[in-house]
Amino acid sequence: MPYVDRQNRICGFLDIEENENSGKFLRRYFILDTREDNLVWYMDNPQNLPSGSPPVGAIKLTYISKVSDATKLRPKAEFCFVMNAGMRKYFLQANDQQDLVEWVNVLNKATKITVPKQTDSQSHTDNSTRHTENVGLKKQMSYRTEIVGGVPIITPTQKEEVNECGEGDKNYLKRSQSHLPYFSAKHPPDNAVIKAGYCVKQGAVMKNWKRRYFQLDENTIGYFKSELDKEPLRIIPLKEVHKVQECKQSDIMMRDNLFEIVTTSRTFYVQVSLWKTTFL
């Protein structure tokens with residue numbers, strides 16, 4: 001059974017199919033370290049190995065998309081479960097059914113990407129309001145908060161008022177240029193946000209999954225590291241979007257409620273908590 005060691009890591013023995021599709025399972029000692037954001041495995045318990053012995057395998061937790069029972073996929077392998085990481089499936093065998101259930105649960109919990117609680121979002125909104133008052137900006141903005149699949153969706157209900165000079169706060173919705181020329185458009189400063197909320201997207205190079213804050217207006221969709229950031233990580237002009245549809249690779253990626261935003265240069269894979277094309 002998995003247990004927690006003195007360093008608060010989850011440890012235990014499992015059998016793993018190290019060579020994909022070989023059908024050969026090898027006994028390994030696994031360490032799930034959430035602080036270091038990785039899952040590593042050794043030939044034996046490191047306490048029984050020479051000092052400094054390296055692991056024989058390692059996976060970053062952000063690369064793991066889902067862990068589930070693999071009874072139907074590998075009927076001949078008893079107490080088998082599958083761990084999806086990138087485009088590969090790692091098959092592992094537990095000692096018994098209870099061991100299998102516990103490992104699946106702890107791995108899914110460690111790799112789950114969550115969105116902020118409503119209370120956290122409210123706290124951020126209050127802090128932003130206080131900051132605005134302190135610097136003497138004379139603008140007001142009202143919001144409507146909806147909970148969709150456990151995800152707070154914040155939508156402005158009115159346009160911001162003009163200041164004493166008769167101009168809107170042009171910095172409020174300012175957007176930076178993307179580092180890729182193809183997505184170099186900026187948001188017009190007076191564009192109203194139609195939808196906003198947290199989703200999980202796949203990286204272009206490393207194929208890991210990260211939580212991002214998305215905003216949609218009439219001309220673009222952009223995403224930020226968090227709702228507190230003013231500069232987006234990327235902006236996609238809607239005129240460059242060819243289609244938005246349910247992701248056909250969802251079975252491969254083992255992610256529910258997955259859709260894709262298809263452009264000429266790239267396809268963006270985005271996961272929402274509730275199946276719905278939230279933005280487009």
# chains A, B, ... in the order shown; residues from 1 in each chain; ligands from 1
>>> residues_around(residues="Tyr3 (chain A)", least_positions_apart="6", cutoff="12 Å", atoms="only C-alpha atoms", output="number ranges by chain")
A: 9-13, 29-32, 99, 102-103, 106
>>> residues_around(residues="Leu61 (chain A)", least_positions_apart="2", cutoff="9 Å", atoms="only C-alpha atoms", output="VMD selection string")
chain A and resid 32 to 34 37 to 39 59 63 to 65 85 107 110 to 111 208
>>> closest_residue(among="A:Ile236, A:Val40, A:Leu92, A:Ala196", to="Val104 (chain A)", atoms="only C-alpha atoms")
A:Leu92
>>> closest_residue(among="A:Glu20, A:Glu78, A:Glu246, A:Glu36", to="Asn8 (chain A)", atoms="only C-alpha atoms")
A:Glu36
>>> closest_residue(among="A:Leu100, A:Val244, A:Ile221, A:Val262", to="Ala192 (chain A)", atoms="only C-alpha atoms")
A:Ile221
>>> atom_distance(atom1="CA of Gly23 (chain A)", atom2="CA of Phe91 (chain A)")
9.2 Å
>>> select_by_dssp(residues="region 227-271 of chain A", states="alpha helix (DSSP H)", output="PyMOL selection string")
chain A and resi 250-253
>>> write_last_selection(atoms="C-alpha atoms", output="compact mmCIF listing (two decimals), in the first residue's frame")
# COMPACT_ATOMS: atom_id res chain seq x y z
CA SER A 250 -9.92 13.53 -26.36
CA ASP A 251 -9.70 9.72 -26.08
CA ILE A 252 -5.94 9.88 -26.64
CA MET A 253 -5.40 12.72 -24.20
